[in-house]
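The data block below is upload05.tsv; it holds TSV, C-alpha atoms.
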chain	number	residue	atom	x	y	z
A	70	MET	CA	21.30	46.82	-37.91
A	71	ARG	CA	18.30	45.47	-36.02
A	72	MET	CA	20.04	42.11	-35.69
A	73	PHE	CA	23.11	43.70	-34.08
A	74	ARG	CA	20.93	45.62	-31.63
A	75	SER	CA	19.14	42.41	-30.69
A	76	LEU	CA	22.45	40.62	-30.35
A	77	SER	CA	23.88	43.34	-28.09
A	78	ALA	CA	20.71	43.44	-25.98
A	79	GLN	CA	20.72	39.65	-25.54
A	80	ALA	CA	24.41	39.61	-24.57
A	81	GLN	CA	23.97	42.44	-22.04
A	82	LEU	CA	20.85	40.84	-20.57
A	83	ARG	CA	22.53	37.45	-20.20
A	84	LEU	CA	25.63	38.98	-18.63
A	85	GLN	CA	23.49	40.88	-16.11
A	86	LEU	CA	21.68	37.66	-15.25
A	87	PHE	CA	25.06	35.93	-14.78
A	88	LEU	CA	26.17	38.60	-12.33
A	89	LYS	CA	22.91	38.39	-10.37
A	90	ASP	CA	23.07	34.62	-10.02
A	91	ARG	CA	24.64	33.73	-6.66
A	92	MET	CA	25.90	30.33	-7.74
A	93	THR	CA	27.63	31.76	-10.81
A	94	LEU	CA	29.25	34.50	-8.73
A	95	LEU	CA	30.37	31.94	-6.15
A	96	VAL	CA	32.04	29.75	-8.79
A	97	LEU	CA	33.63	32.84	-10.36
A	98	VAL	CA	35.07	34.01	-7.04
A	99	VAL	CA	36.28	30.52	-6.10
A	100	SER	CA	37.95	30.12	-9.51
A	101	VAL	CA	39.78	33.43	-9.25
A	102	PHE	CA	40.76	32.65	-5.66
A	103	CYS	CA	42.15	29.23	-6.63
A	104	PHE	CA	44.10	30.63	-9.56
A	105	PHE	CA	45.52	33.61	-7.70
A	106	PHE	CA	46.41	32.02	-4.37
A	107	CYS	CA	46.64	28.23	-4.78
A	108	MET	CA	47.67	27.56	-8.36
A	109	GLU	CA	50.05	30.50	-8.53
A	110	ASP	CA	52.05	28.96	-5.68
A	111	MET	CA	52.04	25.53	-7.31
A	112	ASN	CA	53.07	27.03	-10.63
A	113	ARG	CA	55.92	28.88	-8.96
A	114	GLU	CA	57.10	25.73	-7.18
A	115	ALA	CA	56.79	23.48	-10.24
A	116	GLU	CA	60.53	23.54	-10.86
A	117	ASN	CA	61.23	22.39	-7.29
A	118	LEU	CA	58.52	19.74	-7.45
A	119	ALA	CA	60.03	18.36	-10.65
A	120	THR	CA	63.48	17.88	-9.11
A	121	ILE	CA	64.67	14.95	-7.02
A	122	PRO	CA	65.58	16.10	-3.48
A	123	VAL	CA	68.86	14.64	-2.22
A	124	GLY	CA	71.06	15.25	0.81
A	125	LEU	CA	74.78	16.00	0.65
A	126	VAL	CA	77.35	15.64	3.43
A	127	ASP	CA	80.85	16.96	2.69
A	128	LEU	CA	83.32	15.38	5.13
A	129	ASP	CA	86.32	16.42	3.05
A	130	GLY	CA	85.87	20.14	2.55
A	131	SER	CA	88.57	20.22	-0.13
A	132	GLU	CA	88.45	22.23	-3.33
A	133	LYS	CA	87.60	19.09	-5.31
A	134	SER	CA	84.68	18.18	-3.06
A	135	LYS	CA	83.34	21.73	-3.25
A	136	GLU	CA	83.59	21.64	-7.04
A	137	LEU	CA	81.62	18.38	-7.07
A	138	ALA	CA	78.95	19.89	-4.79
A	139	GLY	CA	78.71	22.92	-7.08
A	140	ARG	CA	78.21	20.75	-10.15
A	141	LEU	CA	75.49	18.77	-8.40
A	142	GLU	CA	73.71	22.00	-7.44
A	143	GLY	CA	73.78	23.06	-11.08
A	144	LEU	CA	71.90	19.96	-12.25
A	145	GLU	CA	68.25	20.66	-13.12
A	146	ALA	CA	67.24	17.14	-12.09
A	147	LEU	CA	68.46	17.49	-8.47
A	148	SER	CA	67.60	19.64	-5.49
A	149	VAL	CA	70.53	19.50	-3.07
A	150	LYS	CA	70.17	19.97	0.70
A	151	TYR	CA	73.24	20.22	2.94
A	152	GLY	CA	73.60	19.06	6.51
A	153	THR	CA	75.07	16.46	8.81
A	154	TYR	CA	74.28	12.81	8.32
A	155	GLY	CA	71.94	12.83	11.34
A	156	GLU	CA	69.98	15.82	10.05
A	157	LEU	CA	69.67	14.42	6.54
A	158	SER	CA	68.79	10.95	7.83
A	159	ALA	CA	65.82	12.44	9.68
A	160	LEU	CA	64.72	14.19	6.47
A	161	MET	CA	64.98	10.94	4.52
A	162	GLU	CA	62.83	9.14	7.10
A	163	GLU	CA	60.20	11.87	6.72
A	164	GLY	CA	60.29	11.48	2.92
A	165	GLU	CA	61.66	14.97	2.24
A	166	ILE	CA	64.77	13.64	0.45
A	167	ARG	CA	65.29	10.44	-1.55
A	168	CYS	CA	68.88	9.63	-0.63
A	169	ILE	CA	72.05	10.91	1.06
A	170	PHE	CA	75.45	11.35	-0.59
A	171	GLU	CA	78.38	11.51	1.78
A	172	ILE	CA	81.66	12.77	0.30
A	173	ARG	CA	84.24	10.87	2.28
A	174	GLU	CA	87.34	12.33	3.91
A	175	ARG	CA	90.41	12.70	1.68
A	176	TYR	CA	88.17	12.75	-1.40
A	177	GLY	CA	90.35	15.37	-3.07
A	178	GLU	CA	93.57	13.48	-2.33
A	179	LYS	CA	92.20	10.21	-3.67
A	180	VAL	CA	90.89	11.82	-6.85
A	181	ASP	CA	94.24	13.51	-7.47
A	182	ALA	CA	95.89	10.12	-6.99
A	183	GLY	CA	93.66	8.66	-9.70
A	184	LYS	CA	91.63	6.48	-7.35
A	185	SER	CA	87.98	5.85	-8.18
A	186	ARG	CA	86.80	3.62	-5.32
A	187	ARG	CA	85.37	4.49	-1.92
A	188	LEU	CA	85.05	8.17	-2.69
A	189	VAL	CA	81.37	8.69	-1.90
A	190	ASN	CA	78.93	6.80	0.31
A	191	VAL	CA	75.31	6.57	-0.84
A	192	TYR	CA	72.43	5.92	1.58
A	193	TYR	CA	68.91	5.24	0.36
A	194	GLU	CA	65.95	3.04	1.14
A	195	GLN	CA	65.97	-0.50	-0.14
A	196	ASP	CA	64.46	-1.03	-3.61
A	197	ASP	CA	64.42	2.71	-4.35
A	198	LYS	CA	65.18	2.62	-8.08
A	199	VAL	CA	65.06	6.40	-8.41
A	200	ALA	CA	67.86	6.80	-5.86
A	201	ALA	CA	69.93	4.22	-7.72
A	202	ILE	CA	69.58	6.27	-10.92
A	203	VAL	CA	70.58	9.44	-9.03
A	204	ALA	CA	73.72	7.64	-7.85
A	205	ASP	CA	74.69	7.10	-11.47
A	206	ILE	CA	74.13	10.82	-12.17
A	207	VAL	CA	76.45	11.75	-9.29
A	208	ALA	CA	79.05	9.24	-10.50
A	209	GLY	CA	78.91	10.89	-13.91
A	210	GLU	CA	79.73	14.28	-12.34
A	211	MET	CA	82.81	12.71	-10.69
A	212	MET	CA	84.14	11.25	-13.93
A	213	TYR	CA	85.82	14.42	-15.23
A	214	ASP	CA	88.09	14.80	-12.20
A	215	ILE	CA	88.86	11.09	-12.07
A	216	CYS	CA	89.65	10.83	-15.78
A	217	GLN	CA	91.78	13.98	-15.67
A	218	ALA	CA	93.79	12.59	-12.76
A	219	GLN	CA	94.23	9.27	-14.53
A	220	ALA	CA	95.43	11.08	-17.65
A	221	TYR	CA	97.98	13.09	-15.65
A	222	LEU	CA	99.35	9.92	-14.08
A	223	ALA	CA	99.92	8.63	-17.61
A	224	TYR	CA	101.60	11.97	-18.45
A	225	GLU	CA	104.01	11.55	-15.54
A	226	GLU	CA	105.21	8.26	-17.02
A	227	LEU	CA	106.69	10.07	-19.99
A	228	PRO	CA	110.49	9.93	-20.33
A	229	ALA	CA	112.64	12.36	-18.36
A	230	GLY	CA	112.73	15.77	-19.95
A	231	GLU	CA	109.20	15.51	-21.32
A	232	LYS	CA	107.03	15.37	-18.21
A	233	GLU	CA	108.77	18.40	-16.67
A	234	LYS	CA	107.46	20.68	-19.42
A	235	PHE	CA	104.17	21.31	-17.64
A	236	SER	CA	103.24	21.36	-13.97
A	237	ARG	CA	100.06	19.69	-12.82
A	238	GLN	CA	98.28	23.04	-12.59
A	239	GLU	CA	99.34	23.92	-16.14
A	240	TYR	CA	98.27	20.51	-17.35
A	241	GLU	CA	94.80	20.85	-15.75
A	242	ALA	CA	94.39	24.36	-17.16
A	243	TYR	CA	95.36	23.13	-20.62
A	244	ALA	CA	92.95	20.19	-20.38
A	245	ALA	CA	90.15	22.53	-19.29
A	246	SER	CA	90.83	24.81	-22.27
A	247	LEU	CA	90.27	21.90	-24.64
A	248	ILE	CA	86.67	21.41	-23.49
A	249	GLY	CA	85.39	24.27	-25.63
A	250	ASP	CA	87.55	23.35	-28.63
A	251	GLY	CA	85.57	21.69	-31.42
A	252	ASP	CA	88.55	19.51	-32.38
A	253	PHE	CA	88.49	17.85	-28.97
A	254	ASP	CA	84.76	17.94	-28.40
A	255	PHE	CA	83.11	14.62	-27.53
A	256	ALA	CA	79.37	14.62	-27.08
A	257	PHE	CA	76.17	12.80	-27.91
A	258	GLU	CA	73.59	14.26	-30.27
A	259	PHE	CA	70.00	13.91	-29.09
A	260	ARG	CA	66.85	14.28	-31.18
A	261	PHE	CA	63.72	15.20	-29.25
A	262	VAL	CA	60.61	13.80	-30.94
A	263	ASP	CA	57.01	14.25	-29.76
A	264	GLY	CA	54.12	11.85	-30.13
A	265	LYS	CA	53.53	13.02	-33.70
A	266	GLN	CA	57.13	12.23	-34.68
A	267	GLN	CA	57.90	15.94	-34.97
A	268	GLU	CA	61.24	17.20	-33.75
A	269	ARG	CA	61.60	19.75	-30.94
A	270	ARG	CA	64.49	22.08	-30.30
A	271	GLU	CA	64.73	20.92	-26.69
A	272	GLY	CA	63.37	18.15	-24.52
A	273	LEU	CA	60.37	18.79	-22.28
A	274	LYS	CA	61.11	19.76	-18.70
A	275	SER	CA	59.71	17.68	-15.87
A	276	SER	CA	58.10	20.81	-14.42
A	277	LEU	CA	55.78	20.91	-17.45
A	278	PHE	CA	53.94	17.88	-16.08
A	279	TYR	CA	53.01	19.80	-12.92
A	280	ARG	CA	51.96	22.84	-14.90
A	281	GLN	CA	49.83	20.56	-17.05
A	282	ALA	CA	48.16	19.23	-13.88
A	283	VAL	CA	47.40	22.83	-12.92
A	284	ALA	CA	45.88	23.38	-16.36
A	285	ALA	CA	43.72	20.25	-15.94
A	286	VAL	CA	42.26	21.68	-12.72
A	287	ALA	CA	41.80	25.05	-14.43
A	288	ALA	CA	39.88	23.40	-17.27
A	289	MET	CA	37.54	21.82	-14.73
A	290	LEU	CA	36.91	25.20	-13.07
A	291	PHE	CA	36.29	26.92	-16.41
A	292	ALA	CA	33.74	24.24	-17.29
A	293	LEU	CA	32.08	24.49	-13.87
A	294	LEU	CA	31.74	28.25	-14.29
A	295	GLN	CA	29.96	27.87	-17.65
A	296	MET	CA	27.75	25.10	-16.32
A	297	ALA	CA	26.60	27.27	-13.41
A	298	ALA	CA	26.11	30.32	-15.61
A	299	LEU	CA	23.99	28.58	-18.26
A	300	SER	CA	21.68	26.90	-15.78
A	301	GLY	CA	19.59	30.05	-16.11
A	302	VAL	CA	18.84	29.15	-19.74
A	303	CYS	CA	17.26	25.94	-18.52
A	304	THR	CA	15.22	27.82	-15.90
A	305	GLU	CA	13.97	30.32	-18.48
A	306	LYS	CA	12.90	27.47	-20.74
A	307	GLU	CA	10.88	25.88	-17.91
A	308	GLN	CA	9.21	29.21	-17.10
A	309	GLY	CA	8.37	29.93	-20.75
A	310	ILE	CA	10.52	33.07	-20.92
A	311	SER	CA	12.53	31.80	-23.88
A	312	GLN	CA	9.40	31.06	-25.86
A	313	ARG	CA	8.03	34.56	-25.25
A	314	ARG	CA	11.32	36.05	-26.49
A	315	HIS	CA	11.00	34.10	-29.71
A	316	LEU	CA	7.43	35.34	-30.16
A	317	VAL	CA	8.58	38.98	-30.06
A	318	GLY	CA	11.14	38.39	-32.80
A	319	LEU	CA	14.33	37.12	-31.14
A	320	THR	CA	15.72	34.45	-33.45
A	321	ARG	CA	17.55	31.39	-32.14
A	322	PRO	CA	20.86	32.25	-33.87
A	323	VAL	CA	20.85	35.71	-32.28
A	324	GLU	CA	19.98	34.21	-28.90
A	325	LEU	CA	22.84	31.71	-29.23
A	326	LEU	CA	25.39	34.33	-30.27
A	327	GLY	CA	24.27	36.73	-27.55
A	328	ASN	CA	24.65	34.06	-24.89
A	329	MET	CA	28.09	33.07	-26.20
A	330	LEU	CA	29.23	36.71	-26.10
A	331	ALA	CA	28.09	36.95	-22.50
A	332	CYS	CA	29.87	33.71	-21.63
A	333	THR	CA	33.02	35.02	-23.29
A	334	ALA	CA	32.91	38.20	-21.23
A	335	LEU	CA	32.29	36.18	-18.06
A	336	CYS	CA	35.31	33.91	-18.48
A	337	THR	CA	37.83	36.66	-19.32
A	338	VAL	CA	38.50	37.47	-15.66
A	339	PRO	CA	39.45	33.94	-14.46
A	340	ALA	CA	41.26	33.28	-17.77
A	341	ALA	CA	43.33	36.44	-17.30
A	342	VAL	CA	44.20	35.55	-13.70
A	343	PHE	CA	45.19	32.03	-14.74
A	344	ALA	CA	47.32	33.35	-17.61
A	345	VAL	CA	49.09	35.75	-15.24
A	346	CYS	CA	49.86	32.87	-12.85
A	347	VAL	CA	51.24	30.70	-15.64
A	348	ALA	CA	53.33	33.50	-17.17
A	349	ALA	CA	54.74	34.42	-13.75
A	350	GLY	CA	55.44	30.75	-13.01
A	351	VAL	CA	57.46	30.16	-16.19
A	352	GLY	CA	59.05	33.63	-16.03
A	353	ASN	CA	57.98	34.50	-19.57
A	354	TRP	CA	55.27	37.13	-20.02
A	355	GLU	CA	55.07	36.39	-23.73
A	356	LYS	CA	53.08	33.30	-22.72
A	357	PHE	CA	50.29	35.44	-21.22
A	358	LEU	CA	48.28	36.11	-24.37
A	359	PRO	CA	48.47	32.56	-25.81
A	360	VAL	CA	47.40	31.03	-22.48
A	361	PHE	CA	44.68	33.66	-22.04
A	362	TRP	CA	43.09	33.22	-25.48
A	363	THR	CA	43.39	29.44	-25.29
A	364	SER	CA	41.59	29.45	-21.93
A	365	VAL	CA	38.88	31.77	-23.28
A	366	LEU	CA	38.40	29.60	-26.37
A	367	PHE	CA	38.10	26.47	-24.23
A	368	SER	CA	35.57	28.20	-21.95
A	369	VAL	CA	33.45	29.24	-24.94
A	370	MET	CA	33.64	25.69	-26.25
A	371	MET	CA	32.31	24.38	-22.93
A	372	ALA	CA	29.68	27.15	-22.85
A	373	LEU	CA	28.36	26.04	-26.23
A	374	MET	CA	28.14	22.45	-25.03
A	375	TYR	CA	26.24	23.41	-21.86
A	376	TYR	CA	23.97	25.74	-23.81
A	377	LEU	CA	22.97	22.88	-26.08
A	378	LEU	CA	22.39	20.65	-23.04
A	379	ALA	CA	20.23	23.33	-21.41
A	380	ASN	CA	18.03	23.51	-24.49
A	381	TRP	CA	17.88	19.77	-25.04
A	382	LEU	CA	17.27	18.46	-21.51
A	383	PRO	CA	13.72	18.63	-20.08
A	384	GLY	CA	14.43	20.47	-16.82
A	385	LEU	CA	16.93	22.05	-14.41
A	386	LEU	CA	17.43	18.89	-12.34
A	387	ALA	CA	18.25	16.82	-15.42
A	388	TYR	CA	20.62	19.59	-16.57
A	389	GLN	CA	22.45	19.62	-13.25
A	390	VAL	CA	22.81	15.83	-13.14
A	391	VAL	CA	23.92	15.40	-16.76
A	392	GLY	CA	26.10	18.51	-16.63
A	393	THR	CA	27.90	17.27	-13.50
A	394	VAL	CA	28.48	13.84	-15.05
A	395	VAL	CA	29.88	15.43	-18.21
A	396	LEU	CA	32.08	17.74	-16.13
A	397	VAL	CA	33.54	14.87	-14.07
A	398	VAL	CA	34.03	12.51	-17.01
A	399	LEU	CA	35.80	15.14	-19.12
A	400	ALA	CA	37.99	16.12	-16.15
A	401	ILE	CA	39.00	12.48	-15.57
A	402	CYS	CA	39.77	12.08	-19.27
A	403	GLY	CA	41.93	15.18	-19.11
A	404	PHE	CA	43.99	13.80	-16.24
A	405	CYS	CA	44.25	10.41	-17.99
A	406	SER	CA	45.60	12.07	-21.14
A	407	MET	CA	48.54	13.37	-19.10
A	408	VAL	CA	49.82	9.85	-18.40
A	409	GLU	CA	49.01	8.29	-21.77
A	410	GLY	CA	51.76	5.86	-22.66
A	411	ILE	CA	52.95	5.73	-19.03
A	412	LEU	CA	50.11	4.36	-16.92
A	413	PHE	CA	47.75	3.73	-19.82
A	414	ARG	CA	48.27	2.46	-23.30
A	415	GLU	CA	47.45	4.62	-26.29
A	416	PHE	CA	43.84	5.83	-26.28
A	417	PRO	CA	41.59	5.74	-29.36
A	418	VAL	CA	41.64	8.67	-31.78
A	419	TRP	CA	38.31	10.16	-30.60
A	420	PHE	CA	39.68	10.43	-27.06
A	421	HIS	CA	42.14	13.12	-28.15
A	422	PHE	CA	39.34	15.34	-29.46
A	423	LEU	CA	37.57	15.68	-26.09
A	424	PRO	CA	37.54	19.36	-25.00
A	425	ASN	CA	39.74	18.97	-21.92
A	426	ASN	CA	42.30	16.90	-23.82
A	427	VAL	CA	42.44	19.43	-26.64
A	428	TYR	CA	42.93	22.24	-24.12
A	429	LEU	CA	45.80	20.42	-22.36
A	430	ARG	CA	47.45	19.65	-25.70
A	431	TRP	CA	47.27	23.33	-26.68
A	432	PHE	CA	48.59	24.30	-23.24
A	433	VAL	CA	51.63	22.03	-23.58
A	434	GLN	CA	52.34	23.36	-27.09
A	435	ILE	CA	52.35	26.91	-25.73
A	436	LEU	CA	54.77	26.19	-22.88
A	437	ALA	CA	56.97	23.66	-24.69
A	438	PRO	CA	60.08	25.05	-26.40

Taking this structure as input, can you express it in the form of structure tokens?
Amino acid sequence: MRMFRSLSAQAQLRLQLFLKDRMTLLVLVVSVFCFFFCMEDMNREAENLATIPVGLVDLDGSEKSKELAGRLEGLEALSVKYGTYGELSALMEEGEIRCIFEIRERYGEKVDAGKSRRLVNVYYEQDDKVAAIVADIVAGEMMYDICQAQAYLAYEELPAGEKEKFSRQEYEAYAASLIGDGDFDFAFEFRFVDGKQQERREGLKSSLFYRQAVAAVAAMLFALLQMAALSGVCTEKEQGISQRRHLVGLTRPVELLGNMLACTALCTVPAAVFAVCVAAGVGNWEKFLPVFWTSVLFSVMMALMYYLLANWLPGLLAYQVVGTVVLVVLAICGFCSMVEGILFREFPVWFHFLPNNVYLRWFVQILAP
């Protein structure tokens, strides 16, 4: 019972010292401000940031061209902006869109006639490989109409008495009805495999990369908060306060646990705000608790590391220098882990066990399907 009273007293004392320290309060306020105002906006816009912005000019205005525009708008990979060629050209020069697709006049007539050439003009900057890939995506959306028209032309070549059985509208309706029929279904089967060769139900969305970048910044702020908070431990050691506490019966395990409880209480506010921003960004409030507890666990992990540094290093200046170096190095490693296999080759095994990298891996597992 005495141990629990000592533990509670140590936790309350440390938390009160946290709240009286101006630097700790400043970092706490800045963290909450960043999560609530800055990162919430970036989280909300992650879907738009992950899409490729393109411009679309419809010079035909036919039903076919409108259907094509609607299918392009429904693609998750594209963000379509409408306008005249002059308006969209100015946006492309400013870098707001990657390319311009111009649906040419008589597009609908040519498609109905089974023609597949000179239907759409594509304008993009030279050597823009992304725009070239987008052109292939747009061509793929045109293939259904073109193939259907080609098939009807073949139908019209049937002998007299056969081709009159169905009008073109009836033929198109019948062809459309076959899309959902398993007997006429033609599709590719994809297996989504992660880095551990484990299958996923769905592929990862591009927006997850931006949310992961937000989490990397959040991890840095969580670590900075714990570093600022536990600087007081180093000051107390220099002033001899810690030694006097041990002389009156406070054991080191109780002191450690009390400080960790205080650090846990301190990080719950920014962790909760960050979890709210993430859950609102993905539109799934079931993600709140997993993100919250993961952020709290990471913060406690960093608090333990800084507590050990505060007790091991000789003074406050050394603590601040070493703590800042550790903070920056771990943050850089966290960002590097996001592009492993893309910009960097595979890192050694120990690299994946660094705190920031573990936190980002947990974060992705929570948001991934």

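One distance worth recording is that between atom CA of Phe367 of chain A and atom CA of Val418 of chain A, which is 19.7 Å.
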
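Using only C-alpha atoms, the shortest contact distance between Ala287 of chain A and any of A:Ala204, A:Ala340, A:Cys402, A:Leu137 is found at A:Ala340.
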
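For the pair atom CA of Ala138 of chain A and atom CA of Tyr279 of chain A, the interatomic distance is 27.2 Å.
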
Give me the residues of segment 92-168 of chain A that have any atom at most 9 Å from an atom of segment 173-189 of chain A; for each, the nearest atom pair and the distance in Å, rounded to one decimal. Use all atoms listed in the file, sort by chain and number, and format it as a Markdown table.
| residue | atom | partner | partner_atom | distance |
| --- | --- | --- | --- | --- |
| A:Val126 | CA | A:Arg173 | CA | 8.5 |
| A:Asp127 | CA | A:Arg173 | CA | 7.0 |
| A:Leu128 | CA | A:Glu174 | CA | 5.2 |
| A:Asp129 | CA | A:Glu174 | CA | 4.3 |
| A:Gly130 | CA | A:Glu174 | CA | 8.1 |
| A:Ser131 | CA | A:Gly177 | CA | 5.9 |
| A:Glu132 | CA | A:Gly177 | CA | 7.1 |
| A:Lys133 | CA | A:Gly177 | CA | 5.1 |
| A:Ser134 | CA | A:Gly177 | CA | 6.3 |

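Taking atom CA of Ala201 of chain A as the reference point, atom CA of Leu147 of chain A is found at 13.4 Å.
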
Of the listed residues A:Val286, A:Ala372, A:Gly164, A:Ile172, that which approaches Gly152 of chain A most closely, counting only C-alpha atoms: A:Ile172

Spatial neighbours of Leu94 of chain A, 12 Å, only C-alpha atoms, chain gap at least 2 places, as a list in words: Leu84, Gln85, Leu86, Phe87, Leu88, Lys89, Asp90, Arg91, Met92, Val96, Leu97, Val98, Val99, Ser100, Val101, Leu293, Leu294, Gln295, Ala297, Ala298, Leu335, Cys336, Val338 and Pro339 of chain A

Segment 302-306 of chain A surroundings by only C-alpha atoms, 10 Å radius, close-in-sequence under 2 positions cut, as JSON, numbers by chain: {"A": [83, 298, 299, 300, 308, 309, 310, 311, 312, 313, 328, 375, 376, 377, 378, 379, 380, 381, 382, 383, 384, 385, 386, 387, 388, 389]}

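Once Cys216 of chain A and its same-chain neighbours fewer than 2 positions away are set aside, Val180, Asp181, Ala182, Gly183, Lys184, Ser185, Ala208, Gly209, Glu210, Met211, Met212, Tyr213, Asp214, Ala218, Gln219, Ala220, Tyr221, Leu222, Ala223, Glu241 and Ala244 of chain A remain within 12 Å of it when counting only C-alpha atoms.
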